[in-house]
Amino acid sequence: MATTTTRKVEQSRRLQERAESMIPGGVNSPVRGFGSVGGEPPFIVRGKGSNIWDADENEYIDYVGSWGPLILGHAAPDVLDAIVGAAANGTSFGASTPAEADLAELVLGAFPGMEKVRFVSSGTEATMSAIRLARAYTKRKYIVKFEGCYHGHSDSLLVKAGSGVATLGIPGSAGVPEEFTQFTLALPFNDVKAVEYAFQKFKHQIACVIVEPIVGNMGCVPAADDYLVALRLITEREKSVLIFDEVMTGFRVAYGGAQELYNIRPDLTTMGKIIGGGLPVGGYGGPSEIMNLVAPLGPMYQAGTLSGNPLAMAAGCATLKHLRDNKKEIYPRIDQLSGELVEGVASAAKDAGVKLYYNRVGSMFTWFFTEGPVTNWDSASKANTEAFGKFFRGMLDRGVYLPPSQFEAVFLGAAHTSEDVERTVEAAKGVFVGMKR
C-alpha cells in the first residue's frame, strides 16, 4: 500500500532492497515485511534500555522487545556481561555444560509442578516436542488446539493459527499435507462446550490439549473466568495431557508465568523468549513420570546440536536471576505502567471518536480497532486492520515502535519509564486526531 512518512528511510530502504535480492521478501520472519501495515520497515542497528535506533538514526520507544524476551530492556548490563563471559570460553560445544543445569534449576524453582526440563533452540521446537511427548505418554493420536493460538510453525500446529499466519490472512500453510493435520482438532477459544463435545466425539483418543493460557497471537486475549480450570478438570477426567504454552507468558505475567497467576498446574509447560534473555532458546518440562520418556531415558526421541547453547544459557540465567531477586519490585511496577499506558491510549482514542477496545494482562496487551469485546479469534478478526495500519504508521513516525500487526501482543518491560508512557500517550493523541480528519 502506498504510504508517506516523516521519518528518514533512505538507508533502511536501501538495506531492504538489498535483502530482497537474496532473502524471500527481504525478511527472515514474515511480519517484519510490514505487509499488513504498510510503510517502510526500519532496519534496527542498536538498542539500549527501552529504545532502539534504525539505520537512518531514527530513535524509537520499543514496545516489541524482540517479541517479548527483553523484559529487562535492550543491552541489559547483567545479561551482556553474562554473554560476553560465556563467549570468551567458546560459543558452542555440542556437549553438556554446567550452565544448562544452572538454568534448569532456576526454571524448576519458578514452576512447582515441573520436576524436569529439556532445553531446545526455539518455541516451535518446544511445542512440537511437548506434543510428541504427550502422544508417547498417552499412546493416543489426536490433539486439541484453539483457533487463533500460534504454537510455532510445525506442520500439525499450522491449523487456524494466529500470529503471522493471521497477520498475512493465510488459512494455514502451503506444503502441509492434510494427512499431517487430520489428527489436529482446532476449537474456538473460551468455549468449554466445544471442548466437551470433542472429548465425547473422540473418546479416549485425544492425547493432549495445548493452549496459550493468555493468548498473545491473535492479540492479547485472556481466558474467560474458569475456562482454564475447566480445561484442567476435563483433561484430568479424560486422562489427557494439558499443555500450557508459556513461551510468551512465562516469567512475563508473573515470575512463575500464567500458572502462578491463575494457580493452575498443567501437565507440561513449554517456554521460550525470556528464559534465553534475548538469545534463541526454548524449553519444555513437567513431572518426572512424563519427562522420563524423553531419550536417552525413554523412547521419545528429540535432539539438537545447539540445544543448551552456552551463550543462551548464560543470558537466560542472568535474566532469571535478576527477575527472581527483584520480582517484588519489577512485576508490580510494569503492571502499573502498562495500565497507565493502555488506559491513556484508550482514553485518547475515545476523546477522538476512534473505536478502540483493549485487553491487558500484566505487561502484555493489545489495542483492537473494534468496539469489542475480544474473546476469541472470531471477535479478534473483526478488528479494523486498515485503521490499525494508520495507527501503527503514525506512531512509528512519532518515534514509537509497536508490533507491526493487529494480531500480536504489545510488551512493556522493566526499562520503560513513566516518561516513555507519557510520550507514547501524547503520540497516540496526535495520531488519533489525524485519523479522524
# chains A, B, ... in the order shown; residues from 1 in each chain; ligands from 1
call {"tool": "select_by_dssp", "arguments": {"residues": "stretch 68-149 of chain A", "states": "helix (DSSP H, G or I)", "output": "count of residues only"}}
result
40
call {"tool": "residues_around", "arguments": {"residues": "stretch 364-380 of chain A", "least_positions_apart": "2", "cutoff": "8 Å", "atoms": "only C-alpha atoms", "output": "VMD selection string"}}
result
chain A and resid 147 to 148 188 to 190 216 218 to 224 252 to 253 338 342 346 355 to 362 382 to 385 387 to 388 406 to 412
call {"tool": "closest_residue", "arguments": {"among": "A:Val294, A:Pro42, A:Glu105, A:Glu419", "to": "A:Thr5", "atoms": "only C-alpha atoms"}}
result
A:Pro42
call {"tool": "residues_around", "arguments": {"residues": "A:Thr269", "least_positions_apart": "5", "cutoff": "9 Å", "atoms": "only C-alpha atoms", "output": "MDAnalysis selection string"}}
result
chainID A and resid 114 126:127 130 242:247 283:286
call {"tool": "write_last_selection", "arguments": {"atoms": "all heavy atoms", "output": "mmCIF file, in the first residue's frame"}}
result
data_model
loop_
_atom_site.group_PDB
_atom_site.id
_atom_site.type_symbol
_atom_site.label_atom_id
_atom_site.label_comp_id
_atom_site.auth_asym_id
_atom_site.auth_seq_id
_atom_site.Cartn_x
_atom_site.Cartn_y
_atom_site.Cartn_z
ATOM 1 N N MET A 114 6.835 -28.616 37.837
ATOM 2 C CA MET A 114 7.821 -29.088 36.881
ATOM 3 C C MET A 114 8.997 -29.716 37.627
ATOM 4 O O MET A 114 9.657 -29.059 38.429
ATOM 5 C CB MET A 114 8.296 -27.904 36.020
ATOM 6 C CG MET A 114 8.991 -28.290 34.737
ATOM 7 S SD MET A 114 9.564 -26.820 33.808
ATOM 8 C CE MET A 114 8.022 -25.989 33.462
ATOM 9 N N ALA A 126 9.967 -26.498 21.123
ATOM 10 C CA ALA A 126 9.424 -26.848 22.434
ATOM 11 C C ALA A 126 8.005 -27.404 22.319
ATOM 12 O O ALA A 126 7.684 -28.451 22.899
ATOM 13 C CB ALA A 126 9.449 -25.631 23.352
ATOM 14 N N THR A 127 7.139 -26.722 21.563
ATOM 15 C CA THR A 127 5.759 -27.181 21.452
ATOM 16 C C THR A 127 5.666 -28.467 20.643
ATOM 17 O O THR A 127 4.905 -29.375 20.992
ATOM 18 C CB THR A 127 4.874 -26.094 20.814
ATOM 19 O OG1 THR A 127 5.433 -25.686 19.562
ATOM 20 C CG2 THR A 127 4.761 -24.887 21.720
ATOM 21 N N ALA A 130 6.787 -31.216 22.980
ATOM 22 C CA ALA A 130 5.824 -31.481 24.048
ATOM 23 C C ALA A 130 4.638 -32.290 23.539
ATOM 24 O O ALA A 130 4.140 -33.195 24.230
ATOM 25 C CB ALA A 130 5.350 -30.166 24.664
ATOM 26 N N LEU A 242 -2.563 -31.881 29.626
ATOM 27 C CA LEU A 242 -2.795 -30.449 29.440
ATOM 28 C C LEU A 242 -1.449 -29.745 29.307
ATOM 29 O O LEU A 242 -0.601 -29.828 30.201
ATOM 30 C CB LEU A 242 -3.561 -29.863 30.632
ATOM 31 C CG LEU A 242 -3.815 -28.348 30.578
ATOM 32 C CD1 LEU A 242 -4.663 -27.967 29.369
ATOM 33 C CD2 LEU A 242 -4.470 -27.857 31.873
ATOM 34 N N ILE A 243 -1.263 -29.070 28.164
ATOM 35 C CA ILE A 243 -0.016 -28.341 27.896
ATOM 36 C C ILE A 243 -0.302 -26.852 27.915
ATOM 37 O O ILE A 243 -1.143 -26.365 27.159
ATOM 38 C CB ILE A 243 0.582 -28.726 26.528
ATOM 39 C CG1 ILE A 243 0.811 -30.236 26.424
ATOM 40 C CG2 ILE A 243 1.885 -27.967 26.276
ATOM 41 C CD1 ILE A 243 1.229 -30.693 25.030
ATOM 42 N N PHE A 244 0.374 -26.127 28.780
ATOM 43 C CA PHE A 244 0.343 -24.667 28.752
ATOM 44 C C PHE A 244 1.517 -24.187 27.904
ATOM 45 O O PHE A 244 2.676 -24.474 28.227
ATOM 46 C CB PHE A 244 0.480 -24.085 30.160
ATOM 47 C CG PHE A 244 -0.822 -23.911 30.892
ATOM 48 C CD1 PHE A 244 -2.001 -24.462 30.421
ATOM 49 C CD2 PHE A 244 -0.872 -23.180 32.076
ATOM 50 C CE1 PHE A 244 -3.200 -24.307 31.110
ATOM 51 C CE2 PHE A 244 -2.058 -23.009 32.767
ATOM 52 C CZ PHE A 244 -3.224 -23.569 32.294
ATOM 53 N N ASP A 245 1.201 -23.480 26.822
ATOM 54 C CA ASP A 245 2.239 -22.846 26.021
ATOM 55 C C ASP A 245 2.545 -21.496 26.669
ATOM 56 O O ASP A 245 1.839 -20.511 26.465
ATOM 57 C CB ASP A 245 1.749 -22.664 24.587
ATOM 58 C CG ASP A 245 2.798 -22.025 23.681
ATOM 59 O OD1 ASP A 245 3.795 -21.490 24.217
ATOM 60 O OD2 ASP A 245 2.614 -22.038 22.456
ATOM 61 N N GLU A 246 3.612 -21.469 27.470
ATOM 62 C CA GLU A 246 4.010 -20.254 28.176
ATOM 63 C C GLU A 246 5.268 -19.640 27.558
ATOM 64 O O GLU A 246 6.046 -18.985 28.243
ATOM 65 C CB GLU A 246 4.208 -20.545 29.668
ATOM 66 C CG GLU A 246 2.931 -20.985 30.376
ATOM 67 C CD GLU A 246 2.686 -20.216 31.668
ATOM 68 O OE1 GLU A 246 2.891 -18.980 31.680
ATOM 69 O OE2 GLU A 246 2.292 -20.859 32.648
ATOM 70 N N VAL A 247 5.434 -19.885 26.264
ATOM 71 C CA VAL A 247 6.557 -19.259 25.558
ATOM 72 C C VAL A 247 6.497 -17.744 25.737
ATOM 73 O O VAL A 247 7.518 -17.083 25.955
ATOM 74 C CB VAL A 247 6.539 -19.640 24.063
ATOM 75 C CG1 VAL A 247 7.503 -18.771 23.267
ATOM 76 C CG2 VAL A 247 6.899 -21.113 23.889
ATOM 77 N N GLY A 283 12.106 -24.451 25.677
ATOM 78 C CA GLY A 283 12.173 -25.499 26.683
ATOM 79 C C GLY A 283 10.810 -26.113 26.909
ATOM 80 O O GLY A 283 9.783 -25.489 26.630
ATOM 81 N N TYR A 284 10.796 -27.356 27.367
ATOM 82 C CA TYR A 284 9.537 -27.984 27.774
ATOM 83 C C TYR A 284 9.816 -28.822 29.005
ATOM 84 O O TYR A 284 10.904 -29.406 29.163
ATOM 85 C CB TYR A 284 8.924 -28.816 26.649
ATOM 86 C CG TYR A 284 9.747 -29.975 26.143
ATOM 87 C CD1 TYR A 284 9.468 -31.292 26.531
ATOM 88 C CD2 TYR A 284 10.798 -29.782 25.247
ATOM 89 C CE1 TYR A 284 10.214 -32.369 26.054
ATOM 90 C CE2 TYR A 284 11.552 -30.842 24.763
ATOM 91 C CZ TYR A 284 11.256 -32.131 25.174
ATOM 92 O OH TYR A 284 12.002 -33.192 24.709
ATOM 93 N N GLY A 285 8.835 -28.838 29.919
ATOM 94 C CA GLY A 285 9.068 -29.545 31.164
ATOM 95 C C GLY A 285 7.785 -29.996 31.816
ATOM 96 O O GLY A 285 6.682 -29.581 31.444
ATOM 97 N N GLY A 286 7.941 -30.871 32.818
ATOM 98 C CA GLY A 286 6.799 -31.406 33.533
ATOM 99 C C GLY A 286 7.262 -32.389 34.589
ATOM 100 O O GLY A 286 8.451 -32.438 34.950
#
call {"tool": "residues_around", "arguments": {"residues": "A:Asn58", "least_positions_apart": "5", "cutoff": "12 Å", "atoms": "only C-alpha atoms", "output": "PDB file with all heavy atoms, in the first residue's frame"}}
result
ATOM      1  N   THR A   6       7.239  10.745   7.658  1.00  0.00           N
ATOM      2  CA  THR A   6       8.088  11.882   8.009  1.00  0.00           C
ATOM      3  C   THR A   6       9.452  11.424   8.496  1.00  0.00           C
ATOM      4  O   THR A   6      10.317  12.239   8.787  1.00  0.00           O
ATOM      5  CB  THR A   6       7.415  12.729   9.101  1.00  0.00           C
ATOM      6  OG1 THR A   6       7.179  11.901  10.254  1.00  0.00           O
ATOM      7  CG2 THR A   6       6.098  13.300   8.616  1.00  0.00           C
ATOM      8  N   ARG A   7       9.656  10.105   8.588  1.00  0.00           N
ATOM      9  CA  ARG A   7      10.938   9.576   9.046  1.00  0.00           C
ATOM     10  C   ARG A   7      11.956   9.569   7.912  1.00  0.00           C
ATOM     11  O   ARG A   7      11.596   9.533   6.743  1.00  0.00           O
ATOM     12  CB  ARG A   7      10.780   8.122   9.537  1.00  0.00           C
ATOM     13  CG  ARG A   7       9.924   7.917  10.741  1.00  0.00           C
ATOM     14  CD  ARG A   7       9.802   6.431  11.059  1.00  0.00           C
ATOM     15  NE  ARG A   7       9.094   5.697  10.001  1.00  0.00           N
ATOM     16  CZ  ARG A   7       9.571   4.644   9.354  1.00  0.00           C
ATOM     17  NH1 ARG A   7      10.783   4.187   9.632  1.00  0.00           N
ATOM     18  NH2 ARG A   7       8.851   4.037   8.429  1.00  0.00           N
ATOM     19  N   LYS A   8      13.197   9.564   8.288  1.00  0.00           N
ATOM     20  CA  LYS A   8      14.243   9.292   7.306  1.00  0.00           C
ATOM     21  C   LYS A   8      14.236   7.788   7.043  1.00  0.00           C
ATOM     22  O   LYS A   8      14.245   6.986   7.976  1.00  0.00           O
ATOM     23  CB  LYS A   8      15.607   9.736   7.833  1.00  0.00           C
ATOM     24  CG  LYS A   8      15.761  11.238   8.015  1.00  0.00           C
ATOM     25  CD  LYS A   8      17.152  11.593   8.496  1.00  0.00           C
ATOM     26  CE  LYS A   8      17.385  11.116   9.924  1.00  0.00           C
ATOM     27  NZ  LYS A   8      18.728  11.510  10.446  1.00  0.00           N
ATOM     28  N   VAL A   9      14.244   7.394   5.783  1.00  0.00           N
ATOM     29  CA  VAL A   9      14.125   5.962   5.463  1.00  0.00           C
ATOM     30  C   VAL A   9      15.127   5.500   4.416  1.00  0.00           C
ATOM     31  O   VAL A   9      15.118   4.327   4.025  1.00  0.00           O
ATOM     32  CB  VAL A   9      12.688   5.635   4.971  1.00  0.00           C
ATOM     33  CG1 VAL A   9      11.670   5.924   6.060  1.00  0.00           C
ATOM     34  CG2 VAL A   9      12.356   6.414   3.688  1.00  0.00           C
ATOM     35  N   GLU A  10      16.007   6.387   3.960  1.00  0.00           N
ATOM     36  CA  GLU A  10      16.850   6.053   2.808  1.00  0.00           C
ATOM     37  C   GLU A  10      17.728   4.823   3.059  1.00  0.00           C
ATOM     38  O   GLU A  10      17.828   3.924   2.213  1.00  0.00           O
ATOM     39  CB  GLU A  10      17.724   7.263   2.436  1.00  0.00           C
ATOM     40  CG  GLU A  10      16.960   8.416   1.814  1.00  0.00           C
ATOM     41  CD  GLU A  10      16.173   9.236   2.827  1.00  0.00           C
ATOM     42  OE1 GLU A  10      16.440   9.065   4.052  1.00  0.00           O
ATOM     43  OE2 GLU A  10      15.300  10.020   2.423  1.00  0.00           O
ATOM     44  N   GLN A  11      18.377   4.769   4.217  1.00  0.00           N
ATOM     45  CA  GLN A  11      19.276   3.656   4.500  1.00  0.00           C
ATOM     46  C   GLN A  11      18.498   2.352   4.687  1.00  0.00           C
ATOM     47  O   GLN A  11      18.901   1.296   4.176  1.00  0.00           O
ATOM     48  CB  GLN A  11      20.118   3.952   5.750  1.00  0.00           C
ATOM     49  CG  GLN A  11      21.123   5.075   5.570  1.00  0.00           C
ATOM     50  CD  GLN A  11      22.117   4.788   4.466  1.00  0.00           C
ATOM     51  OE1 GLN A  11      22.606   3.656   4.328  1.00  0.00           O
ATOM     52  NE2 GLN A  11      22.415   5.795   3.661  1.00  0.00           N
ATOM     53  N   SER A  12      17.393   2.425   5.412  1.00  0.00           N
ATOM     54  CA  SER A  12      16.583   1.215   5.600  1.00  0.00           C
ATOM     55  C   SER A  12      16.014   0.722   4.282  1.00  0.00           C
ATOM     56  O   SER A  12      15.955  -0.484   4.020  1.00  0.00           O
ATOM     57  CB  SER A  12      15.446   1.479   6.601  1.00  0.00           C
ATOM     58  OG  SER A  12      15.932   1.525   7.930  1.00  0.00           O
ATOM     59  N   PRO A  41       9.721  -0.598   6.399  1.00  0.00           N
ATOM     60  CA  PRO A  41      10.226  -1.273   7.598  1.00  0.00           C
ATOM     61  C   PRO A  41      11.618  -0.782   7.972  1.00  0.00           C
ATOM     62  O   PRO A  41      12.516  -0.750   7.127  1.00  0.00           O
ATOM     63  CB  PRO A  41      10.250  -2.755   7.207  1.00  0.00           C
ATOM     64  CG  PRO A  41      10.212  -2.772   5.727  1.00  0.00           C
ATOM     65  CD  PRO A  41       9.555  -1.517   5.272  1.00  0.00           C
ATOM     66  N   PRO A  42      11.818  -0.361   9.218  1.00  0.00           N
ATOM     67  CA  PRO A  42      13.147   0.088   9.628  1.00  0.00           C
ATOM     68  C   PRO A  42      14.091  -1.084   9.855  1.00  0.00           C
ATOM     69  O   PRO A  42      13.671  -2.145  10.317  1.00  0.00           O
ATOM     70  CB  PRO A  42      12.872   0.830  10.940  1.00  0.00           C
ATOM     71  CG  PRO A  42      11.653   0.165  11.494  1.00  0.00           C
ATOM     72  CD  PRO A  42      10.833  -0.252  10.303  1.00  0.00           C
ATOM     73  N   PHE A  43      15.353  -0.887   9.534  1.00  0.00           N
ATOM     74  CA  PHE A  43      16.388  -1.860   9.852  1.00  0.00           C
ATOM     75  C   PHE A  43      17.065  -1.400  11.140  1.00  0.00           C
ATOM     76  O   PHE A  43      17.693  -0.349  11.182  1.00  0.00           O
ATOM     77  CB  PHE A  43      17.394  -1.981   8.704  1.00  0.00           C
ATOM     78  CG  PHE A  43      16.996  -2.984   7.661  1.00  0.00           C
ATOM     79  CD1 PHE A  43      15.818  -2.819   6.951  1.00  0.00           C
ATOM     80  CD2 PHE A  43      17.775  -4.099   7.407  1.00  0.00           C
ATOM     81  CE1 PHE A  43      15.428  -3.747   6.000  1.00  0.00           C
ATOM     82  CE2 PHE A  43      17.399  -5.036   6.454  1.00  0.00           C
ATOM     83  CZ  PHE A  43      16.213  -4.864   5.751  1.00  0.00           C
ATOM     84  N   ILE A  44      16.914  -2.201  12.198  1.00  0.00           N
ATOM     85  CA  ILE A  44      17.390  -1.807  13.515  1.00  0.00           C
ATOM     86  C   ILE A  44      18.879  -2.123  13.645  1.00  0.00           C
ATOM     87  O   ILE A  44      19.329  -3.217  13.294  1.00  0.00           O
ATOM     88  CB  ILE A  44      16.591  -2.521  14.622  1.00  0.00           C
ATOM     89  CG1 ILE A  44      15.080  -2.296  14.404  1.00  0.00           C
ATOM     90  CG2 ILE A  44      17.028  -2.034  15.995  1.00  0.00           C
ATOM     91  CD1 ILE A  44      14.654  -0.841  14.332  1.00  0.00           C
ATOM     92  N   VAL A  45      19.625  -1.168  14.173  1.00  0.00           N
ATOM     93  CA  VAL A  45      21.074  -1.354  14.288  1.00  0.00           C
ATOM     94  C   VAL A  45      21.565  -1.401  15.734  1.00  0.00           C
ATOM     95  O   VAL A  45      22.650  -1.916  15.997  1.00  0.00           O
ATOM     96  CB  VAL A  45      21.839  -0.250  13.515  1.00  0.00           C
ATOM     97  CG1 VAL A  45      21.569  -0.360  12.023  1.00  0.00           C
ATOM     98  CG2 VAL A  45      21.477   1.149  14.029  1.00  0.00           C
ATOM     99  N   ARG A  46      20.788  -0.866  16.677  1.00  0.00           N
ATOM    100  CA  ARG A  46      21.197  -0.971  18.073  1.00  0.00           C
ATOM    101  C   ARG A  46      20.021  -0.667  19.003  1.00  0.00           C
ATOM    102  O   ARG A  46      19.012  -0.089  18.584  1.00  0.00           O
ATOM    103  CB  ARG A  46      22.361  -0.029  18.385  1.00  0.00           C
ATOM    104  CG  ARG A  46      22.043   1.439  18.399  1.00  0.00           C
ATOM    105  CD  ARG A  46      23.308   2.261  18.681  1.00  0.00           C
ATOM    106  NE  ARG A  46      23.013   3.664  18.906  1.00  0.00           N
ATOM    107  CZ  ARG A  46      22.823   4.566  17.967  1.00  0.00           C
ATOM    108  NH1 ARG A  46      22.896   4.200  16.689  1.00  0.00           N
ATOM    109  NH2 ARG A  46      22.573   5.826  18.273  1.00  0.00           N
ATOM    110  N   GLY A  47      20.187  -1.069  20.256  1.00  0.00           N
ATOM    111  CA  GLY A  47      19.175  -0.795  21.261  1.00  0.00           C
ATOM    112  C   GLY A  47      19.822  -0.584  22.613  1.00  0.00           C
ATOM    113  O   GLY A  47      20.901  -1.115  22.896  1.00  0.00           O
ATOM    114  N   ASN A  51      14.838   1.829  24.293  1.00  0.00           N
ATOM    115  CA  ASN A  51      14.930   2.484  22.986  1.00  0.00           C
ATOM    116  C   ASN A  51      15.705   1.665  21.966  1.00  0.00           C
ATOM    117  O   ASN A  51      16.599   0.897  22.319  1.00  0.00           O
ATOM    118  CB  ASN A  51      15.598   3.858  23.132  1.00  0.00           C
ATOM    119  CG  ASN A  51      14.785   4.800  23.988  1.00  0.00           C
ATOM    120  OD1 ASN A  51      14.991   4.878  25.198  1.00  0.00           O
ATOM    121  ND2 ASN A  51      13.857   5.514  23.384  1.00  0.00           N
ATOM    122  N   ILE A  52      15.347   1.864  20.709  1.00  0.00           N
ATOM    123  CA  ILE A  52      16.083   1.278  19.591  1.00  0.00           C
ATOM    124  C   ILE A  52      16.336   2.361  18.556  1.00  0.00           C
ATOM    125  O   ILE A  52      15.631   3.376  18.504  1.00  0.00           O
ATOM    126  CB  ILE A  52      15.341   0.092  18.946  1.00  0.00           C
ATOM    127  CG1 ILE A  52      13.913   0.493  18.525  1.00  0.00           C
ATOM    128  CG2 ILE A  52      15.312  -1.109  19.877  1.00  0.00           C
ATOM    129  CD1 ILE A  52      13.151  -0.597  17.789  1.00  0.00           C
ATOM    130  N   TRP A  53      17.353   2.145  17.721  1.00  0.00           N
ATOM    131  CA  TRP A  53      17.703   3.076  16.651  1.00  0.00           C
ATOM    132  C   TRP A  53      17.817   2.293  15.346  1.00  0.00           C
ATOM    133  O   TRP A  53      18.303   1.148  15.328  1.00  0.00           O
ATOM    134  CB  TRP A  53      19.045   3.746  16.943  1.00  0.00           C
ATOM    135  CG  TRP A  53      18.993   4.747  18.055  1.00  0.00           C
ATOM    136  CD1 TRP A  53      18.888   6.105  17.934  1.00  0.00           C
ATOM    137  CD2 TRP A  53      19.073   4.479  19.458  1.00  0.00           C
ATOM    138  NE1 TRP A  53      18.890   6.688  19.181  1.00  0.00           N
ATOM    139  CE2 TRP A  53      18.998   5.718  20.131  1.00  0.00           C
ATOM    140  CE3 TRP A  53      19.187   3.296  20.219  1.00  0.00           C
ATOM    141  CZ2 TRP A  53      19.039   5.821  21.524  1.00  0.00           C
ATOM    142  CZ3 TRP A  53      19.226   3.391  21.604  1.00  0.00           C
ATOM    143  CH2 TRP A  53      19.155   4.646  22.244  1.00  0.00           C
ATOM    144  N   LEU A 396       4.849   5.162  14.521  1.00  0.00           N
ATOM    145  CA  LEU A 396       6.240   4.980  14.084  1.00  0.00           C
ATOM    146  C   LEU A 396       6.850   6.329  13.718  1.00  0.00           C
ATOM    147  O   LEU A 396       7.996   6.626  14.081  1.00  0.00           O
ATOM    148  CB  LEU A 396       6.280   4.008  12.906  1.00  0.00           C
ATOM    149  CG  LEU A 396       7.637   3.393  12.560  1.00  0.00           C
ATOM    150  CD1 LEU A 396       8.130   2.489  13.686  1.00  0.00           C
ATOM    151  CD2 LEU A 396       7.543   2.600  11.257  1.00  0.00           C
ATOM    152  N   ASP A 397       6.086   7.150  13.001  1.00  0.00           N
ATOM    153  CA  ASP A 397       6.582   8.476  12.625  1.00  0.00           C
ATOM    154  C   ASP A 397       6.836   9.356  13.847  1.00  0.00           C
ATOM    155  O   ASP A 397       7.655  10.280  13.790  1.00  0.00           O
ATOM    156  CB  ASP A 397       5.585   9.167  11.702  1.00  0.00           C
ATOM    157  CG  ASP A 397       5.697   8.693  10.258  1.00  0.00           C
ATOM    158  OD1 ASP A 397       6.684   8.006   9.937  1.00  0.00           O
ATOM    159  OD2 ASP A 397       4.797   9.016   9.457  1.00  0.00           O
ATOM    160  N   ARG A 398       6.153   9.057  14.934  1.00  0.00           N
ATOM    161  CA  ARG A 398       6.316   9.843  16.163  1.00  0.00           C
ATOM    162  C   ARG A 398       7.276   9.177  17.148  1.00  0.00           C
ATOM    163  O   ARG A 398       7.337   9.543  18.315  1.00  0.00           O
ATOM    164  CB  ARG A 398       4.946  10.076  16.813  1.00  0.00           C
ATOM    165  CG  ARG A 398       4.081  11.080  16.049  1.00  0.00           C
ATOM    166  CD  ARG A 398       2.627  11.026  16.499  1.00  0.00           C
ATOM    167  NE  ARG A 398       1.838  12.094  15.878  1.00  0.00           N
ATOM    168  CZ  ARG A 398       1.354  12.048  14.637  1.00  0.00           C
ATOM    169  NH1 ARG A 398       1.614  10.971  13.878  1.00  0.00           N
ATOM    170  NH2 ARG A 398       0.636  13.047  14.151  1.00  0.00           N
ATOM    171  N   GLY A 399       8.003   8.176  16.673  1.00  0.00           N
ATOM    172  CA  GLY A 399       9.045   7.584  17.499  1.00  0.00           C
ATOM    173  C   GLY A 399       8.579   6.509  18.456  1.00  0.00           C
ATOM    174  O   GLY A 399       9.216   6.304  19.495  1.00  0.00           O
ATOM    175  N   VAL A 400       7.511   5.800  18.096  1.00  0.00           N
ATOM    176  CA  VAL A 400       7.013   4.701  18.935  1.00  0.00           C
ATOM    177  C   VAL A 400       6.922   3.446  18.072  1.00  0.00           C
ATOM    178  O   VAL A 400       6.189   3.431  17.067  1.00  0.00           O
ATOM    179  CB  VAL A 400       5.634   5.024  19.544  1.00  0.00           C
ATOM    180  CG1 VAL A 400       5.127   3.829  20.369  1.00  0.00           C
ATOM    181  CG2 VAL A 400       5.716   6.274  20.414  1.00  0.00           C
ATOM    182  N   TYR A 401       7.658   2.413  18.449  1.00  0.00           N
ATOM    183  CA  TYR A 401       7.691   1.174  17.674  1.00  0.00           C
ATOM    184  C   TYR A 401       6.787   0.140  18.333  1.00  0.00           C
ATOM    185  O   TYR A 401       7.059  -0.346  19.433  1.00  0.00           O
ATOM    186  CB  TYR A 401       9.123   0.644  17.581  1.00  0.00           C
ATOM    187  CG  TYR A 401       9.287  -0.529  16.635  1.00  0.00           C
ATOM    188  CD1 TYR A 401       9.061  -0.375  15.276  1.00  0.00           C
ATOM    189  CD2 TYR A 401       9.670  -1.775  17.105  1.00  0.00           C
ATOM    190  CE1 TYR A 401       9.213  -1.440  14.399  1.00  0.00           C
ATOM    191  CE2 TYR A 401       9.825  -2.854  16.231  1.00  0.00           C
ATOM    192  CZ  TYR A 401       9.597  -2.673  14.885  1.00  0.00           C
ATOM    193  OH  TYR A 401       9.735  -3.734  14.029  1.00  0.00           O
TER     194      TYR A 401
END
call {"tool": "closest_residue", "arguments": {"among": "A:Val27, A:Lys239, A:Glu340, A:Gln16", "to": "A:Glu40", "atoms": "only C-alpha atoms"}}
result
A:Gln16
call {"tool": "residues_around", "arguments": {"residues": "A:Leu320", "least_positions_apart": "5", "cutoff": "9 Å", "atoms": "only C-alpha atoms", "output": "list in words"}}
result
Leu103, Leu106, Val107, Phe251, Tyr255, Ile274, Ile275, Gly276, Gly277, Ala315 and Asp325 of chain A
call {"tool": "residues_around", "arguments": {"residues": "A:Gly278", "least_positions_apart": "2", "cutoff": "10 Å", "atoms": "only C-alpha atoms", "output": "ChimeraX atom specification"}}
result
/A:65-75,79,272-276,280-281,312,315-316,319
call {"tool": "closest_residue", "arguments": {"among": "A:Asp225, A:Glu125, A:Asp62, A:Asp56", "to": "A:Val421", "atoms": "only C-alpha atoms"}}
result
A:Asp62
call {"tool": "atom_distance", "arguments": {"atom1": "atom CA of A:Lys203", "atom2": "atom CA of A:Lys141"}}
result
11.6 Å
call {"tool": "closest_residue", "arguments": {"among": "A:Ala95, A:Ala352, A:Leu279, A:Val215", "to": "A:Ala314", "atoms": "only C-alpha atoms"}}
result
A:Leu279
call {"tool": "closest_residue", "arguments": {"among": "A:Val144, A:Asp267, A:Pro404, A:Leu157", "to": "A:Val209", "atoms": "only C-alpha atoms"}}
result
A:Val144
call {"tool": "select_by_dssp", "arguments": {"residues": "stretch 191-235 of chain A", "states": "strand (DSSP E)", "output": "VMD selection string"}}
result
chain A and resid 206 to 211 214 to 215 221 to 222
call {"tool": "write_last_selection", "arguments": {"atoms": "C-alpha atoms", "output": "mmCIF file, in the first residue's frame"}}
result
data_model
loop_
_atom_site.group_PDB
_atom_site.id
_atom_site.type_symbol
_atom_site.label_atom_id
_atom_site.label_comp_id
_atom_site.auth_asym_id
_atom_site.auth_seq_id
_atom_site.Cartn_x
_atom_site.Cartn_y
_atom_site.Cartn_z
ATOM 1 C CA ILE A 206 -7.177 -37.225 22.495
ATOM 2 C CA ALA A 207 -3.566 -37.145 23.629
ATOM 3 C CA CYS A 208 -3.408 -33.534 24.742
ATOM 4 C CA VAL A 209 -4.893 -30.073 24.840
ATOM 5 C CA ILE A 210 -2.391 -27.314 24.090
ATOM 6 C CA VAL A 211 -3.358 -23.738 24.938
ATOM 7 C CA ILE A 214 -3.203 -15.923 27.884
ATOM 8 C CA VAL A 215 -3.315 -15.796 24.119
ATOM 9 C CA VAL A 221 -6.848 -12.406 24.656
ATOM 10 C CA PRO A 222 -7.177 -13.699 28.228
#
call {"tool": "atom_distance", "arguments": {"atom1": "atom CA of A:Asp54", "atom2": "atom CA of A:Arg32"}}
result
13.7 Å
